[in-house]
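With PDB, C-alpha atoms inside, this is coords.pdb:
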```pdb
ATOM      1  CA  MET C  10       0.000   0.000   0.000
ATOM      2  CA  ILE C  11       1.178   3.522  -0.789
ATOM      3  CA  ASP C  12       1.919   5.324   2.471
ATOM      4  CA  ILE C  13       2.648   8.952   1.625
ATOM      5  CA  GLU C  14       1.404  11.700   3.918
ATOM      6  CA  LEU C  15       1.065  15.204   2.523
ATOM      7  CA  GLY C  16       0.477  18.454   4.354
ATOM      8  CA  GLU C  17      -1.986  20.946   2.909
ATOM      9  CA  VAL C  18       0.647  22.900   0.955
ATOM     10  CA  GLN C  19       2.230  19.738  -0.452
ATOM     11  CA  ALA C  20      -1.225  18.473  -1.452
ATOM     12  CA  GLN C  21      -1.951  21.711  -3.343
ATOM     13  CA  PHE C  22       1.392  21.428  -5.099
ATOM     14  CA  ALA C  23       0.778  17.769  -5.975
ATOM     15  CA  GLU C  24      -2.588  18.699  -7.513
ATOM     16  CA  ILE C  25      -0.843  21.290  -9.702
ATOM     17  CA  ILE C  26       1.641  18.698 -10.943
ATOM     18  CA  TRP C  27      -1.059  16.082 -11.631
ATOM     19  CA  GLU C  28      -3.088  18.721 -13.472
ATOM     20  CA  HIS C  29      -0.214  19.781 -15.750
ATOM     21  CA  GLU C  30       2.027  16.725 -16.094
ATOM     22  CA  PRO C  31       4.267  16.164 -17.838
ATOM     23  CA  VAL C  32       5.473  19.655 -16.998
ATOM     24  CA  GLY C  33       8.866  21.270 -17.357
ATOM     25  CA  SER C  34      10.337  22.375 -14.045
ATOM     26  CA  GLY C  35      10.678  25.957 -15.338
ATOM     27  CA  GLU C  36       7.009  25.996 -16.321
ATOM     28  CA  LEU C  37       6.122  24.530 -12.912
ATOM     29  CA  VAL C  38       7.936  27.456 -11.250
ATOM     30  CA  LYS C  39       5.801  29.898 -13.286
ATOM     31  CA  ILE C  40       2.563  28.061 -12.432
ATOM     32  CA  CYS C  41       3.404  27.994  -8.710
ATOM     33  CA  GLU C  42       4.314  31.666  -8.731
ATOM     34  CA  LYS C  43       0.937  32.491 -10.284
ATOM     35  CA  GLU C  44      -1.251  30.046  -8.320
ATOM     36  CA  LEU C  45       0.551  29.855  -4.957
ATOM     37  CA  GLY C  46       2.634  33.035  -4.894
ATOM     38  CA  TRP C  47       5.834  30.977  -4.550
ATOM     39  CA  LYS C  48       9.360  31.963  -5.507
ATOM     40  CA  LYS C  49      11.548  29.577  -7.499
ATOM     41  CA  PRO C  50      13.464  28.169  -4.468
ATOM     42  CA  THR C  51      10.205  27.267  -2.700
ATOM     43  CA  THR C  52       8.928  25.367  -5.733
ATOM     44  CA  TYR C  53      12.166  23.418  -6.072
ATOM     45  CA  THR C  54      12.337  22.661  -2.329
ATOM     46  CA  VAL C  55       8.792  21.269  -2.203
ATOM     47  CA  LEU C  56       9.339  19.377  -5.478
ATOM     48  CA  ARG C  57      12.503  17.797  -4.077
ATOM     49  CA  LYS C  58      10.642  16.698  -0.927
ATOM     50  CA  LEU C  59       7.833  15.094  -2.943
ATOM     51  CA  CYS C  60      10.371  13.372  -5.186
ATOM     52  CA  GLU C  61      12.107  12.024  -2.050
ATOM     53  CA  LYS C  62       8.732  10.678  -0.872
ATOM     54  CA  GLY C  63       8.438   8.785  -4.176
ATOM     55  CA  LEU C  64       5.398  10.664  -5.463
ATOM     56  CA  PHE C  65       7.030  12.488  -8.392
ATOM     57  CA  GLN C  66      10.209  12.463 -10.406
ATOM     58  CA  ASN C  67      12.163  15.255 -12.062
ATOM     59  CA  VAL C  68      14.194  13.811 -14.926
ATOM     60  CA  ASP C  69      16.083  16.215 -17.179
ATOM     61  CA  GLY C  70      13.835  19.084 -16.088
ATOM     62  CA  LYS C  71      10.595  17.226 -16.813
ATOM     63  CA  VAL C  72       8.334  16.538 -13.830
ATOM     64  CA  THR C  73       6.032  13.508 -13.921
ATOM     65  CA  SER C  74       4.223  11.438 -11.335
ATOM     66  CA  ILE C  75       5.381   8.078 -10.079
ATOM     67  CA  VAL C  76       2.095   7.700  -8.203
ATOM     68  CA  SER C  77      -1.019   8.840 -10.073
ATOM     69  CA  ARG C  78      -3.679  11.014  -8.463
ATOM     70  CA  ASP C  79      -6.097   8.045  -8.513
ATOM     71  CA  GLU C  80      -3.560   5.699  -6.895
ATOM     72  CA  PHE C  81      -2.773   8.291  -4.224
ATOM     73  CA  ASN C  82      -6.441   8.976  -3.438
ATOM     74  CA  PHE C  83      -7.260   5.265  -3.366
ATOM     75  CA  ALA C  84      -4.455   4.631  -0.870
ATOM     76  CA  LYS C  85      -5.615   7.581   1.254
ATOM     77  CA  SER C  86      -9.186   6.252   1.298
ATOM     78  CA  GLU C  87      -7.994   2.743   2.060
ATOM     79  CA  ARG C  88      -5.884   4.051   4.955
ATOM     80  CA  LEU C  89      -8.874   6.025   6.337
ATOM     81  CA  VAL C  90     -11.107   2.944   6.346
ATOM     82  CA  GLU C  91      -8.324   0.825   7.837
ATOM     83  CA  ASP C  92      -7.334   3.291  10.570
ATOM     84  CA  THR C  93     -10.789   4.594  11.500
ATOM     85  CA  TYR C  94     -13.084   1.608  10.864
ATOM     86  CA  LYS C  95     -10.641  -1.305  11.362
ATOM     87  CA  GLY C  96     -10.884  -2.050   7.641
ATOM     88  CA  SER C  97     -14.646  -2.577   7.735
ATOM     89  CA  ILE C  98     -16.397  -1.195   4.653
ATOM     90  CA  PRO C  99     -19.843  -1.832   6.214
ATOM     91  CA  ALA C 100     -18.821   0.185   9.300
ATOM     92  CA  PHE C 101     -17.559   2.982   7.054
ATOM     93  CA  LEU C 102     -20.790   2.996   5.019
ATOM     94  CA  ALA C 103     -22.899   2.959   8.180
ATOM     95  CA  ALA C 104     -21.015   5.972   9.553
ATOM     96  CA  PHE C 105     -21.146   7.780   6.209
ATOM     97  CA  THR C 106     -24.860   7.208   5.648
ATOM     98  CA  SER C 107     -25.780   8.156   9.214
ATOM     99  CA  ARG C 108     -25.067  11.777   8.262
ATOM    100  CA  LYS C 109     -25.668  11.804   4.526
ATOM    101  CA  LYS C 110     -28.559  10.174   2.720
ATOM    102  CA  LEU C 111     -27.665   8.156  -0.343
ATOM    103  CA  SER C 112     -29.538   8.988  -3.523
ATOM    104  CA  GLY C 113     -31.309   6.311  -5.514
ATOM    105  CA  LYS C 114     -28.505   6.605  -8.071
ATOM    106  CA  ASP C 115     -25.853   6.065  -5.366
ATOM    107  CA  ILE C 116     -27.693   2.997  -4.056
ATOM    108  CA  ALA C 117     -28.049   1.575  -7.574
ATOM    109  CA  GLU C 118     -24.313   2.082  -8.242
ATOM    110  CA  ILE C 119     -23.356   0.402  -4.958
ATOM    111  CA  GLN C 120     -25.751  -2.463  -5.676
ATOM    112  CA  LYS C 121     -24.221  -2.895  -9.151
ATOM    113  CA  MET C 122     -20.748  -3.043  -7.598
ATOM    114  CA  ILE C 123     -21.934  -5.736  -5.168
ATOM    115  CA  ASP C 124     -23.625  -7.697  -7.951
ATOM    116  CA  ASP C 125     -20.479  -7.491 -10.104
ATOM    117  CA  MET C 126     -18.356  -8.758  -7.200
ATOM    118  CA  ARG C 127     -20.719 -11.668  -6.622
ATOM    119  CA  GLU C 128     -20.441 -12.590 -10.289
ATOM    120  CA  GLY C 129     -16.674 -12.542 -10.039
ATOM    121  CA  GLY C 130     -16.251  -9.240 -11.934
TER     122      GLY C 130
END
```
Please lay out the structure from this file as structure tokens.
Amino acid sequence: MIDIELGEVQAQFAEIIWEHEPVGSGELVKICEKELGWKKPTTYTVLRKLCEKGLFQNVDGKVTSIVSRDEFNFAKSERLVEDTYKGSIPAFLAAFTSRKKLSGKDIAEIQKMIDDMREGG
């Protein structure tokens, strides 16, 4: 399982990279200056830290992800269910639906997922 924790600033930066990848590091500096108000050293420092965490890579000035946004979010969701609900999807759904009603469409989609799993899909 992917186990990468990001603070709020790192998460914003990661979203920018996922949105624009592949992106040249010089272009990334310009984007971060415009969107986050960062100077060049800040961009490179945060990029280096996320590369060290194994989330991104900067090869010959081109920044790309090692872990996709979907993979990262899946791992984060999986960790939440594991840590908070002892890995129990039913417990997670019970907690979630106690505060938020599911629409008929949501219920149908969940039912389809269950049916597909039963059929081996």
Q. What lies within 12 Å of region 79-96 of chain C using all atoms listed in the file, ignoring chain neighbours under 5 positions off, as a ChimeraX atom specification?
A. /C:10-15,20,23-24,27,63-65,74,101-105
Q | Expansion of the PyMOL selection byres ((chain C and resi 52) around 10) into residues, as a list in words | A |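 Matching residues under the PyMOL selection byres ((chain C and resi 52) around 10) are Phe22, Ser34, Gly35, Leu37, Val38, Lys39, Ile40, Cys41, Glu42, Leu45, Gly46, Trp47, Lys48, Lys49, Pro50, Thr51, Tyr53, Thr54, Val55, Leu56 and Arg57 of chain C.
Considering the residues C:Arg78, C:Ser112, C:Gln19, C:Pro31 and counting only C-alpha atoms, Lys62 (chain C) has its shortest atom-to-atom contact with C:Gln19.
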Q: Mind checking which residues fall within 10 Å of Thr73 (chain C), counting all atoms listed in the file, ignoring those fewer than 2 positions away in the same chain, and posting them as a list in words?
A: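 Result of the neighbour search: Ile26, Trp27, His29, Glu30, Pro31, Val32, Gly33, Ser34, Cys60, Leu64, Phe65, Gln66, Asn67, Val68, Gly70, Lys71, Ile75, Val76 and Ser77 of chain C.
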Q.
Between CA of Gly113 (chain C) and CA of Gly129 (chain C), what is the distance in Å, rounded to a tenth?
A.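 Distance between the two atoms: 24.3 Å.
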Q: Grab the CA of Leu59 (chain C) to CA of Glu44 (chain C) distance for me, in Å with one decimal place.
A: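 A separation of 18.3 Å between them.
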Q: Can you work out the spacing between CA of Ile25 (chain C) and CA of Lys58 (chain C) in Å, to one decimal?
A: 15.2 Å
Is it possible to add N, CA, C and O atoms to region 95-111 of chain C and hand it back as a PDB file, keeping the file's coordinate frame?
```
ATOM      1  N   LYS C  95     -11.276   0.021  11.283  1.00  0.00           N
ATOM      2  CA  LYS C  95     -10.641  -1.305  11.362  1.00  0.00           C
ATOM      3  C   LYS C  95     -10.811  -2.097  10.075  1.00  0.00           C
ATOM      4  O   LYS C  95     -10.995  -3.313  10.089  1.00  0.00           O
ATOM      5  N   GLY C  96     -10.804  -1.395   8.943  1.00  0.00           N
ATOM      6  CA  GLY C  96     -10.884  -2.050   7.641  1.00  0.00           C
ATOM      7  C   GLY C  96     -12.274  -2.477   7.235  1.00  0.00           C
ATOM      8  O   GLY C  96     -12.447  -3.111   6.195  1.00  0.00           O
ATOM      9  N   SER C  97     -13.284  -2.124   8.011  1.00  0.00           N
ATOM     10  CA  SER C  97     -14.646  -2.577   7.735  1.00  0.00           C
ATOM     11  C   SER C  97     -15.383  -1.598   6.820  1.00  0.00           C
ATOM     12  O   SER C  97     -15.739  -0.496   7.245  1.00  0.00           O
ATOM     13  N   ILE C  98     -15.623  -2.012   5.599  1.00  0.00           N
ATOM     14  CA  ILE C  98     -16.397  -1.195   4.653  1.00  0.00           C
ATOM     15  C   ILE C  98     -17.833  -1.007   5.162  1.00  0.00           C
ATOM     16  O   ILE C  98     -18.353   0.114   5.108  1.00  0.00           O
ATOM     17  N   PRO C  99     -18.493  -2.063   5.672  1.00  0.00           N
ATOM     18  CA  PRO C  99     -19.843  -1.832   6.214  1.00  0.00           C
ATOM     19  C   PRO C  99     -19.867  -0.789   7.336  1.00  0.00           C
ATOM     20  O   PRO C  99     -20.778   0.038   7.392  1.00  0.00           O
ATOM     21  N   ALA C 100     -18.872  -0.808   8.223  1.00  0.00           N
ATOM     22  CA  ALA C 100     -18.821   0.185   9.300  1.00  0.00           C
ATOM     23  C   ALA C 100     -18.617   1.586   8.721  1.00  0.00           C
ATOM     24  O   ALA C 100     -19.241   2.547   9.180  1.00  0.00           O
ATOM     25  N   PHE C 101     -17.768   1.692   7.708  1.00  0.00           N
ATOM     26  CA  PHE C 101     -17.559   2.982   7.054  1.00  0.00           C
ATOM     27  C   PHE C 101     -18.855   3.477   6.414  1.00  0.00           C
ATOM     28  O   PHE C 101     -19.247   4.625   6.600  1.00  0.00           O
ATOM     29  N   LEU C 102     -19.533   2.601   5.671  1.00  0.00           N
ATOM     30  CA  LEU C 102     -20.790   2.996   5.019  1.00  0.00           C
ATOM     31  C   LEU C 102     -21.857   3.375   6.040  1.00  0.00           C
ATOM     32  O   LEU C 102     -22.602   4.340   5.838  1.00  0.00           O
ATOM     33  N   ALA C 103     -21.919   2.643   7.136  1.00  0.00           N
ATOM     34  CA  ALA C 103     -22.899   2.959   8.180  1.00  0.00           C
ATOM     35  C   ALA C 103     -22.627   4.348   8.755  1.00  0.00           C
ATOM     36  O   ALA C 103     -23.558   5.149   8.931  1.00  0.00           O
ATOM     37  N   ALA C 104     -21.368   4.656   9.015  1.00  0.00           N
ATOM     38  CA  ALA C 104     -21.015   5.972   9.553  1.00  0.00           C
ATOM     39  C   ALA C 104     -21.301   7.066   8.525  1.00  0.00           C
ATOM     40  O   ALA C 104     -21.870   8.107   8.848  1.00  0.00           O
ATOM     41  N   PHE C 105     -20.947   6.798   7.280  1.00  0.00           N
ATOM     42  CA  PHE C 105     -21.146   7.780   6.209  1.00  0.00           C
ATOM     43  C   PHE C 105     -22.627   8.070   6.000  1.00  0.00           C
ATOM     44  O   PHE C 105     -23.042   9.217   5.915  1.00  0.00           O
ATOM     45  N   THR C 106     -23.433   7.027   5.939  1.00  0.00           N
ATOM     46  CA  THR C 106     -24.860   7.208   5.648  1.00  0.00           C
ATOM     47  C   THR C 106     -25.662   7.672   6.861  1.00  0.00           C
ATOM     48  O   THR C 106     -26.817   8.059   6.718  1.00  0.00           O
ATOM     49  N   SER C 107     -25.064   7.644   8.043  1.00  0.00           N
ATOM     50  CA  SER C 107     -25.780   8.156   9.214  1.00  0.00           C
ATOM     51  C   SER C 107     -25.901   9.676   9.147  1.00  0.00           C
ATOM     52  O   SER C 107     -26.773  10.253   9.772  1.00  0.00           O
ATOM     53  N   ARG C 108     -25.056  10.323   8.380  1.00  0.00           N
ATOM     54  CA  ARG C 108     -25.067  11.777   8.262  1.00  0.00           C
ATOM     55  C   ARG C 108     -25.475  12.255   6.885  1.00  0.00           C
ATOM     56  O   ARG C 108     -25.833  13.412   6.709  1.00  0.00           O
ATOM     57  N   LYS C 109     -25.389  11.401   5.899  1.00  0.00           N
ATOM     58  CA  LYS C 109     -25.668  11.804   4.526  1.00  0.00           C
ATOM     59  C   LYS C 109     -26.516  10.729   3.860  1.00  0.00           C
ATOM     60  O   LYS C 109     -26.111   9.579   3.793  1.00  0.00           O
ATOM     61  N   LYS C 110     -27.679  11.124   3.408  1.00  0.00           N
ATOM     62  CA  LYS C 110     -28.559  10.174   2.720  1.00  0.00           C
ATOM     63  C   LYS C 110     -27.982   9.842   1.353  1.00  0.00           C
ATOM     64  O   LYS C 110     -27.472  10.714   0.650  1.00  0.00           O
ATOM     65  N   LEU C 111     -28.077   8.577   0.989  1.00  0.00           N
ATOM     66  CA  LEU C 111     -27.665   8.156  -0.343  1.00  0.00           C
ATOM     67  C   LEU C 111     -28.834   8.360  -1.298  1.00  0.00           C
ATOM     68  O   LEU C 111     -29.977   8.080  -0.968  1.00  0.00           O
TER      69      LEU C 111
END
```
